[in-house]
Amino acid sequence: MLTTRFVTGAPNWVDLGTPDIFGATSFYNGLFGWQFQSAGPQAGGYGFFQLAGKTVAGGMQNPPEQGPPSWNISFQSPDADATAKAVEQAHGSVRMPPDDVMDMGRMAVFGDNAGVPFGIWQPGRLKGLDMAGDPGSLCWLELYTPDIAAAAAFYNATLGLETSAMPFPGGTYTCVNPSDGGEDAMFGGLVPLADDPTEESAYWLPYFEVTDTDAVVRKAEELGGTIRMPATSMEGVGRMAKLTDPYGARFAVIKSEPPQS
């Protein structure tokens, strides 16, 4: 499962682009207890969502021309420039070429072969998130894509991600893990876009761990969020729901079932 033991190809950062960082902070504070701390005047308005003093996400206010409100995923790379070349060779796109973020690390933003944006983070002084897998933090990812086989090949060629099939009642789920960590480092899944009738375009969906899914769903509605999928239980997985914040950024929450011994 997702942890802060980041290896090549593992998700090591998630951040929110929103038209109203103050309103978004109010929403996520009410939902998860997050506080927003600015990264300083040199960071252009970027800052960190923190829980109990630990960074669980980043965020900043974006103008409309930078795209719709969204949660954005970054994966660990030991060499941002080499990853950019691999993305181009795999028929993806370089949306923002590799660039240094002070002494914190090196970042880039790409589009995969279905046009889904994702980032990479080559750690410098900032290694990644301080917390993952605990309540109030990132715990799982899903890529909704029109072609699972093509997506699997793309992310294998660019990030070294591996896939495996997990049977469940009614079908098979395609799990994803970084090759360096093996299946013990599994962090997400690839899902047919057709399984989400509310969306037409492919996208990455972050899941945040919670202690009570139903209570979080009720609170999200009170705070102006929208329910995309009501709280639903899956045996062996947990109780989950899909939401959007008041500005339209998609995310999901889950109270995971403890692993079987």
# chains A, B, ... in the order shown; residues from 1 in each chain; ligands from 1
$ select_by_dssp --residues "segment 11-73 of chain A" --states "strand (DSSP E)" --output "number ranges by chain"
A: 11-18, 35-38, 47-51, 54-61, 70-73
$ write_last_selection --atoms "N, CA and C atoms" --output "PDB file, in the first residue's frame"
ATOM      1  N   PRO A  11       4.047   7.270  -6.229  1.00  0.00           N
ATOM      2  CA  PRO A  11       3.525   8.626  -6.023  1.00  0.00           C
ATOM      3  C   PRO A  11       4.203   9.244  -4.808  1.00  0.00           C
ATOM      4  N   ASN A  12       4.768  10.431  -4.977  1.00  0.00           N
ATOM      5  CA  ASN A  12       5.419  11.076  -3.832  1.00  0.00           C
ATOM      6  C   ASN A  12       4.889  12.477  -3.558  1.00  0.00           C
ATOM      7  N   TRP A  13       3.880  12.907  -4.361  1.00  0.00           N
ATOM      8  CA  TRP A  13       3.310  14.239  -4.130  1.00  0.00           C
ATOM      9  C   TRP A  13       1.918  14.303  -4.733  1.00  0.00           C
ATOM     10  N   VAL A  14       1.047  15.083  -4.118  1.00  0.00           N
ATOM     11  CA  VAL A  14      -0.280  15.377  -4.661  1.00  0.00           C
ATOM     12  C   VAL A  14      -0.574  16.829  -4.342  1.00  0.00           C
ATOM     13  N   ASP A  15      -1.105  17.561  -5.310  1.00  0.00           N
ATOM     14  CA  ASP A  15      -1.443  18.948  -5.012  1.00  0.00           C
ATOM     15  C   ASP A  15      -2.711  19.391  -5.740  1.00  0.00           C
ATOM     16  N   LEU A  16      -3.292  20.445  -5.191  1.00  0.00           N
ATOM     17  CA  LEU A  16      -4.576  20.964  -5.635  1.00  0.00           C
ATOM     18  C   LEU A  16      -4.381  22.271  -6.378  1.00  0.00           C
ATOM     19  N   GLY A  17      -4.948  22.357  -7.581  1.00  0.00           N
ATOM     20  CA  GLY A  17      -5.066  23.629  -8.287  1.00  0.00           C
ATOM     21  C   GLY A  17      -6.507  24.089  -8.182  1.00  0.00           C
ATOM     22  N   THR A  18      -6.725  25.278  -7.657  1.00  0.00           N
ATOM     23  CA  THR A  18      -8.079  25.743  -7.353  1.00  0.00           C
ATOM     24  C   THR A  18      -8.219  27.232  -7.650  1.00  0.00           C
ATOM     25  N   GLN A  35      -4.626  22.234   7.673  1.00  0.00           N
ATOM     26  CA  GLN A  35      -4.265  23.653   7.737  1.00  0.00           C
ATOM     27  C   GLN A  35      -3.400  23.974   6.526  1.00  0.00           C
ATOM     28  N   PHE A  36      -3.520  25.205   6.013  1.00  0.00           N
ATOM     29  CA  PHE A  36      -2.714  25.602   4.856  1.00  0.00           C
ATOM     30  C   PHE A  36      -1.602  26.533   5.305  1.00  0.00           C
ATOM     31  N   GLN A  37      -0.380  26.211   4.890  1.00  0.00           N
ATOM     32  CA  GLN A  37       0.775  27.038   5.233  1.00  0.00           C
ATOM     33  C   GLN A  37       1.482  27.453   3.955  1.00  0.00           C
ATOM     34  N   SER A  38       1.640  28.757   3.768  1.00  0.00           N
ATOM     35  CA  SER A  38       2.311  29.272   2.579  1.00  0.00           C
ATOM     36  C   SER A  38       3.763  28.806   2.543  1.00  0.00           C
ATOM     37  N   GLY A  47       1.596  26.546  -1.461  1.00  0.00           N
ATOM     38  CA  GLY A  47       1.718  26.239  -0.039  1.00  0.00           C
ATOM     39  C   GLY A  47       1.432  24.790   0.235  1.00  0.00           C
ATOM     40  N   PHE A  48       1.400  24.437   1.527  1.00  0.00           N
ATOM     41  CA  PHE A  48       1.292  23.047   1.951  1.00  0.00           C
ATOM     42  C   PHE A  48       0.073  22.851   2.845  1.00  0.00           C
ATOM     43  N   PHE A  49      -0.718  21.829   2.540  1.00  0.00           N
ATOM     44  CA  PHE A  49      -1.764  21.390   3.450  1.00  0.00           C
ATOM     45  C   PHE A  49      -1.109  20.480   4.479  1.00  0.00           C
ATOM     46  N   GLN A  50      -1.343  20.790   5.752  1.00  0.00           N
ATOM     47  CA  GLN A  50      -0.701  20.035   6.814  1.00  0.00           C
ATOM     48  C   GLN A  50      -1.723  19.498   7.804  1.00  0.00           C
ATOM     49  N   LEU A  51      -1.400  18.342   8.370  1.00  0.00           N
ATOM     50  CA  LEU A  51      -2.219  17.699   9.382  1.00  0.00           C
ATOM     51  C   LEU A  51      -1.295  17.316  10.524  1.00  0.00           C
ATOM     52  N   LYS A  54       2.321  17.738   9.750  1.00  0.00           N
ATOM     53  CA  LYS A  54       2.925  16.971   8.663  1.00  0.00           C
ATOM     54  C   LYS A  54       2.260  17.325   7.338  1.00  0.00           C
ATOM     55  N   THR A  55       3.059  17.467   6.298  1.00  0.00           N
ATOM     56  CA  THR A  55       2.535  17.835   4.987  1.00  0.00           C
ATOM     57  C   THR A  55       1.853  16.633   4.341  1.00  0.00           C
ATOM     58  N   VAL A  56       0.577  16.821   3.969  1.00  0.00           N
ATOM     59  CA  VAL A  56      -0.197  15.758   3.320  1.00  0.00           C
ATOM     60  C   VAL A  56      -0.505  16.086   1.857  1.00  0.00           C
ATOM     61  N   ALA A  57      -0.294  17.339   1.441  1.00  0.00           N
ATOM     62  CA  ALA A  57      -0.577  17.747   0.060  1.00  0.00           C
ATOM     63  C   ALA A  57      -0.040  19.154  -0.141  1.00  0.00           C
ATOM     64  N   GLY A  58      -0.010  19.572  -1.397  1.00  0.00           N
ATOM     65  CA  GLY A  58       0.300  20.951  -1.734  1.00  0.00           C
ATOM     66  C   GLY A  58      -0.920  21.599  -2.378  1.00  0.00           C
ATOM     67  N   GLY A  59      -0.832  22.899  -2.608  1.00  0.00           N
ATOM     68  CA  GLY A  59      -1.945  23.567  -3.265  1.00  0.00           C
ATOM     69  C   GLY A  59      -1.615  25.001  -3.607  1.00  0.00           C
ATOM     70  N   MET A  60      -2.336  25.513  -4.598  1.00  0.00           N
ATOM     71  CA  MET A  60      -2.198  26.916  -4.943  1.00  0.00           C
ATOM     72  C   MET A  60      -3.404  27.383  -5.741  1.00  0.00           C
ATOM     73  N   GLN A  61      -3.577  28.685  -5.785  1.00  0.00           N
ATOM     74  CA  GLN A  61      -4.657  29.290  -6.562  1.00  0.00           C
ATOM     75  C   GLN A  61      -4.202  29.462  -7.999  1.00  0.00           C
ATOM     76  N   SER A  70      -8.428  20.902 -10.045  1.00  0.00           N
ATOM     77  CA  SER A  70      -8.114  19.478 -10.053  1.00  0.00           C
ATOM     78  C   SER A  70      -7.073  19.132  -9.009  1.00  0.00           C
ATOM     79  N   TRP A  71      -7.091  17.851  -8.607  1.00  0.00           N
ATOM     80  CA  TRP A  71      -6.018  17.257  -7.840  1.00  0.00           C
ATOM     81  C   TRP A  71      -5.018  16.657  -8.820  1.00  0.00           C
ATOM     82  N   ASN A  72      -3.739  16.925  -8.605  1.00  0.00           N
ATOM     83  CA  ASN A  72      -2.688  16.509  -9.535  1.00  0.00           C
ATOM     84  C   ASN A  72      -1.688  15.603  -8.824  1.00  0.00           C
ATOM     85  N   ILE A  73      -1.285  14.546  -9.517  1.00  0.00           N
ATOM     86  CA  ILE A  73      -0.420  13.518  -8.947  1.00  0.00           C
ATOM     87  C   ILE A  73       0.983  13.631  -9.519  1.00  0.00           C
TER      88      ILE A  73
END
$ residues_around --residues "Glu235 of chain A" --least-positions-apart "3" --cutoff "12 Å" --atoms "only C-alpha atoms" --output "list in words"
Phe168, Pro169, Thr232, Gly238, Arg239, Met240, Lys255, Ser256, Glu257, Pro258, Pro259 and Gln260 of chain A
$ residues_around --residues "segment 212-229 of chain A" --least-positions-apart "4" --cutoff "9 Å" --atoms "only C-alpha atoms" --output "NGL selection string"
:A and (26-28 or 30-32 or 198 or 239-248 or 250 or 252-255)
$ select_by_dssp --residues "segment 156-189 of chain A" --states "helix (DSSP H, G or I)" --output "PyMOL selection string"
chain A and resi 156-159+183-185
$ closest_residue --among "A:Asp100, A:Asn177, A:Leu143, A:Asn156" --to "Arg125 of chain A" --atoms "only C-alpha atoms"
A:Asp100
$ residues_around --residues "Ile148 of chain A" --least-positions-apart "5" --cutoff "12 Å" --atoms "only C-alpha atoms" --output "PyMOL selection string"
chain A and resi 113-114+142-143+153-155+163-165+172-176+189-194+202
$ closest_residue --among "A:Gly171, A:Pro123, A:Gly236, A:Pro117" --to "Ser201 of chain A" --atoms "only C-alpha atoms"
A:Pro117
$ closest_residue --among "A:Phe22, A:Ser77, A:Ala39, A:Ser233" --to "Gly124 of chain A" --atoms "only C-alpha atoms"
A:Ser77
$ closest_residue --among "A:Ala151, A:Met104, A:Ala43, A:Met1" --to "His91 of chain A" --atoms "only C-alpha atoms"
A:Ala151
$ closest_residue --among "A:Thr158, A:Ser137, A:Thr145, A:Gln89" --to "Gly33 of chain A" --atoms "only C-alpha atoms"
A:Ser137
$ atom_distance --atom1 "atom CA of Asp81 of chain A" --atom2 "atom CA of Gly181 of chain A"
22.4 Å
$ decode --residues "segment 206-253 of chain A" --atoms "N, CA and C atoms" --output "PDB file, in the first residue's frame"
ATOM      1  N   PRO A 206      -7.316  10.712  -6.853  1.00  0.00           N
ATOM      2  CA  PRO A 206      -6.684  10.393  -5.573  1.00  0.00           C
ATOM      3  C   PRO A 206      -7.718   9.965  -4.532  1.00  0.00           C
ATOM      4  N   TYR A 207      -7.344   9.005  -3.707  1.00  0.00           N
ATOM      5  CA  TYR A 207      -8.160   8.571  -2.566  1.00  0.00           C
ATOM      6  C   TYR A 207      -7.470   9.013  -1.278  1.00  0.00           C
ATOM      7  N   PHE A 208      -8.264   9.547  -0.353  1.00  0.00           N
ATOM      8  CA  PHE A 208      -7.755   9.922   0.962  1.00  0.00           C
ATOM      9  C   PHE A 208      -8.394   9.017   2.020  1.00  0.00           C
ATOM     10  N   GLU A 209      -7.556   8.523   2.924  1.00  0.00           N
ATOM     11  CA  GLU A 209      -8.035   7.641   3.985  1.00  0.00           C
ATOM     12  C   GLU A 209      -8.851   8.445   5.002  1.00  0.00           C
ATOM     13  N   VAL A 210      -9.942   7.849   5.489  1.00  0.00           N
ATOM     14  CA  VAL A 210     -10.779   8.484   6.513  1.00  0.00           C
ATOM     15  C   VAL A 210     -11.151   7.437   7.560  1.00  0.00           C
ATOM     16  N   THR A 211     -11.676   7.892   8.692  1.00  0.00           N
ATOM     17  CA  THR A 211     -12.090   6.964   9.742  1.00  0.00           C
ATOM     18  C   THR A 211     -13.572   6.639   9.658  1.00  0.00           C
ATOM     19  N   ASP A 212     -14.356   7.468   8.931  1.00  0.00           N
ATOM     20  CA  ASP A 212     -15.802   7.251   8.811  1.00  0.00           C
ATOM     21  C   ASP A 212     -16.261   7.838   7.478  1.00  0.00           C
ATOM     22  N   THR A 213     -16.417   6.986   6.493  1.00  0.00           N
ATOM     23  CA  THR A 213     -16.759   7.449   5.147  1.00  0.00           C
ATOM     24  C   THR A 213     -18.091   8.175   5.122  1.00  0.00           C
ATOM     25  N   ASP A 214     -19.098   7.624   5.787  1.00  0.00           N
ATOM     26  CA  ASP A 214     -20.433   8.234   5.744  1.00  0.00           C
ATOM     27  C   ASP A 214     -20.425   9.625   6.377  1.00  0.00           C
ATOM     28  N   ALA A 215     -19.703   9.778   7.483  1.00  0.00           N
ATOM     29  CA  ALA A 215     -19.624  11.085   8.136  1.00  0.00           C
ATOM     30  C   ALA A 215     -18.919  12.097   7.239  1.00  0.00           C
ATOM     31  N   VAL A 216     -17.871  11.666   6.542  1.00  0.00           N
ATOM     32  CA  VAL A 216     -17.153  12.567   5.639  1.00  0.00           C
ATOM     33  C   VAL A 216     -18.039  12.984   4.467  1.00  0.00           C
ATOM     34  N   VAL A 217     -18.823  12.058   3.932  1.00  0.00           N
ATOM     35  CA  VAL A 217     -19.729  12.391   2.830  1.00  0.00           C
ATOM     36  C   VAL A 217     -20.759  13.426   3.284  1.00  0.00           C
ATOM     37  N   ARG A 218     -21.331  13.231   4.460  1.00  0.00           N
ATOM     38  CA  ARG A 218     -22.299  14.208   4.972  1.00  0.00           C
ATOM     39  C   ARG A 218     -21.649  15.570   5.158  1.00  0.00           C
ATOM     40  N   LYS A 219     -20.443  15.580   5.701  1.00  0.00           N
ATOM     41  CA  LYS A 219     -19.743  16.836   5.939  1.00  0.00           C
ATOM     42  C   LYS A 219     -19.405  17.528   4.619  1.00  0.00           C
ATOM     43  N   ALA A 220     -18.983  16.746   3.609  1.00  0.00           N
ATOM     44  CA  ALA A 220     -18.651  17.329   2.308  1.00  0.00           C
ATOM     45  C   ALA A 220     -19.856  18.051   1.721  1.00  0.00           C
ATOM     46  N   GLU A 221     -21.036  17.456   1.839  1.00  0.00           N
ATOM     47  CA  GLU A 221     -22.255  18.115   1.342  1.00  0.00           C
ATOM     48  C   GLU A 221     -22.540  19.400   2.110  1.00  0.00           C
ATOM     49  N   GLU A 222     -22.379  19.346   3.420  1.00  0.00           N
ATOM     50  CA  GLU A 222     -22.613  20.542   4.248  1.00  0.00           C
ATOM     51  C   GLU A 222     -21.686  21.679   3.846  1.00  0.00           C
ATOM     52  N   LEU A 223     -20.460  21.333   3.440  1.00  0.00           N
ATOM     53  CA  LEU A 223     -19.442  22.331   3.110  1.00  0.00           C
ATOM     54  C   LEU A 223     -19.484  22.771   1.644  1.00  0.00           C
ATOM     55  N   GLY A 224     -20.453  22.272   0.885  1.00  0.00           N
ATOM     56  CA  GLY A 224     -20.602  22.703  -0.505  1.00  0.00           C
ATOM     57  C   GLY A 224     -20.027  21.764  -1.537  1.00  0.00           C
ATOM     58  N   GLY A 225     -19.574  20.579  -1.116  1.00  0.00           N
ATOM     59  CA  GLY A 225     -19.068  19.595  -2.065  1.00  0.00           C
ATOM     60  C   GLY A 225     -20.199  18.835  -2.735  1.00  0.00           C
ATOM     61  N   THR A 226     -19.842  17.988  -3.683  1.00  0.00           N
ATOM     62  CA  THR A 226     -20.812  17.208  -4.451  1.00  0.00           C
ATOM     63  C   THR A 226     -20.463  15.726  -4.359  1.00  0.00           C
ATOM     64  N   ILE A 227     -21.484  14.894  -4.275  1.00  0.00           N
ATOM     65  CA  ILE A 227     -21.285  13.440  -4.247  1.00  0.00           C
ATOM     66  C   ILE A 227     -21.359  12.910  -5.675  1.00  0.00           C
ATOM     67  N   ARG A 228     -20.274  12.304  -6.138  1.00  0.00           N
ATOM     68  CA  ARG A 228     -20.248  11.659  -7.460  1.00  0.00           C
ATOM     69  C   ARG A 228     -20.592  10.191  -7.362  1.00  0.00           C
ATOM     70  N   MET A 229     -20.222   9.547  -6.265  1.00  0.00           N
ATOM     71  CA  MET A 229     -20.617   8.173  -5.974  1.00  0.00           C
ATOM     72  C   MET A 229     -20.860   8.072  -4.478  1.00  0.00           C
ATOM     73  N   PRO A 230     -22.075   7.679  -4.050  1.00  0.00           N
ATOM     74  CA  PRO A 230     -22.355   7.623  -2.609  1.00  0.00           C
ATOM     75  C   PRO A 230     -21.504   6.566  -1.920  1.00  0.00           C
ATOM     76  N   ALA A 231     -21.464   6.628  -0.607  1.00  0.00           N
ATOM     77  CA  ALA A 231     -20.677   5.674   0.171  1.00  0.00           C
ATOM     78  C   ALA A 231     -21.093   4.250  -0.178  1.00  0.00           C
ATOM     79  N   THR A 232     -20.099   3.444  -0.555  1.00  0.00           N
ATOM     80  CA  THR A 232     -20.319   2.082  -1.021  1.00  0.00           C
ATOM     81  C   THR A 232     -19.271   1.177  -0.405  1.00  0.00           C
ATOM     82  N   SER A 233     -19.693   0.004   0.053  1.00  0.00           N
ATOM     83  CA  SER A 233     -18.765  -0.952   0.646  1.00  0.00           C
ATOM     84  C   SER A 233     -18.380  -2.025  -0.357  1.00  0.00           C
ATOM     85  N   MET A 234     -17.106  -2.424  -0.333  1.00  0.00           N
ATOM     86  CA  MET A 234     -16.619  -3.546  -1.135  1.00  0.00           C
ATOM     87  C   MET A 234     -15.860  -4.475  -0.203  1.00  0.00           C
ATOM     88  N   GLU A 235     -16.292  -5.719  -0.170  1.00  0.00           N
ATOM     89  CA  GLU A 235     -15.686  -6.684   0.736  1.00  0.00           C
ATOM     90  C   GLU A 235     -14.193  -6.828   0.461  1.00  0.00           C
ATOM     91  N   GLY A 236     -13.412  -6.787   1.511  1.00  0.00           N
ATOM     92  CA  GLY A 236     -11.973  -6.931   1.388  1.00  0.00           C
ATOM     93  C   GLY A 236     -11.249  -5.661   1.016  1.00  0.00           C
ATOM     94  N   VAL A 237     -12.003  -4.594   0.714  1.00  0.00           N
ATOM     95  CA  VAL A 237     -11.401  -3.320   0.300  1.00  0.00           C
ATOM     96  C   VAL A 237     -11.706  -2.227   1.313  1.00  0.00           C
ATOM     97  N   GLY A 238     -12.997  -1.952   1.499  1.00  0.00           N
ATOM     98  CA  GLY A 238     -13.381  -0.912   2.441  1.00  0.00           C
ATOM     99  C   GLY A 238     -14.647  -0.203   1.990  1.00  0.00           C
ATOM    100  N   ARG A 239     -14.940   0.908   2.634  1.00  0.00           N
ATOM    101  CA  ARG A 239     -16.123   1.708   2.309  1.00  0.00           C
ATOM    102  C   ARG A 239     -15.643   3.026   1.705  1.00  0.00           C
ATOM    103  N   MET A 240     -16.086   3.303   0.491  1.00  0.00           N
ATOM    104  CA  MET A 240     -15.541   4.430  -0.270  1.00  0.00           C
ATOM    105  C   MET A 240     -16.641   5.310  -0.827  1.00  0.00           C
ATOM    106  N   ALA A 241     -16.265   6.514  -1.232  1.00  0.00           N
ATOM    107  CA  ALA A 241     -17.172   7.441  -1.900  1.00  0.00           C
ATOM    108  C   ALA A 241     -16.346   8.348  -2.797  1.00  0.00           C
ATOM    109  N   LYS A 242     -16.963   8.823  -3.877  1.00  0.00           N
ATOM    110  CA  LYS A 242     -16.315   9.753  -4.797  1.00  0.00           C
ATOM    111  C   LYS A 242     -17.007  11.109  -4.679  1.00  0.00           C
ATOM    112  N   LEU A 243     -16.186  12.154  -4.583  1.00  0.00           N
ATOM    113  CA  LEU A 243     -16.683  13.493  -4.304  1.00  0.00           C
ATOM    114  C   LEU A 243     -16.026  14.522  -5.216  1.00  0.00           C
ATOM    115  N   THR A 244     -16.570  15.728  -5.220  1.00  0.00           N
ATOM    116  CA  THR A 244     -15.849  16.892  -5.724  1.00  0.00           C
ATOM    117  C   THR A 244     -15.925  17.976  -4.655  1.00  0.00           C
ATOM    118  N   ASP A 245     -14.900  18.812  -4.609  1.00  0.00           N
ATOM    119  CA  ASP A 245     -14.946  19.941  -3.687  1.00  0.00           C
ATOM    120  C   ASP A 245     -15.857  21.032  -4.280  1.00  0.00           C
ATOM    121  N   PRO A 246     -16.084  22.142  -3.580  1.00  0.00           N
ATOM    122  CA  PRO A 246     -17.016  23.150  -4.093  1.00  0.00           C
ATOM    123  C   PRO A 246     -16.609  23.773  -5.427  1.00  0.00           C
ATOM    124  N   TYR A 247     -15.360  23.569  -5.847  1.00  0.00           N
ATOM    125  CA  TYR A 247     -14.872  24.185  -7.077  1.00  0.00           C
ATOM    126  C   TYR A 247     -14.759  23.180  -8.225  1.00  0.00           C
ATOM    127  N   GLY A 248     -15.062  21.917  -7.944  1.00  0.00           N
ATOM    128  CA  GLY A 248     -15.089  20.908  -8.988  1.00  0.00           C
ATOM    129  C   GLY A 248     -13.927  19.946  -9.018  1.00  0.00           C
ATOM    130  N   ALA A 249     -12.950  20.053  -8.115  1.00  0.00           N
ATOM    131  CA  ALA A 249     -11.820  19.121  -8.085  1.00  0.00           C
ATOM    132  C   ALA A 249     -12.296  17.760  -7.583  1.00  0.00           C
ATOM    133  N   ARG A 250     -11.980  16.705  -8.346  1.00  0.00           N
ATOM    134  CA  ARG A 250     -12.441  15.353  -8.024  1.00  0.00           C
ATOM    135  C   ARG A 250     -11.482  14.659  -7.051  1.00  0.00           C
ATOM    136  N   PHE A 251     -12.056  13.926  -6.104  1.00  0.00           N
ATOM    137  CA  PHE A 251     -11.270  13.095  -5.205  1.00  0.00           C
ATOM    138  C   PHE A 251     -12.182  12.028  -4.630  1.00  0.00           C
ATOM    139  N   ALA A 252     -11.602  11.077  -3.949  1.00  0.00           N
ATOM    140  CA  ALA A 252     -12.371  10.016  -3.308  1.00  0.00           C
ATOM    141  C   ALA A 252     -11.885   9.832  -1.885  1.00  0.00           C
ATOM    142  N   VAL A 253     -12.734   9.225  -1.055  1.00  0.00           N
ATOM    143  CA  VAL A 253     -12.355   8.908   0.318  1.00  0.00           C
ATOM    144  C   VAL A 253     -12.660   7.433   0.561  1.00  0.00           C
TER     145      VAL A 253
END
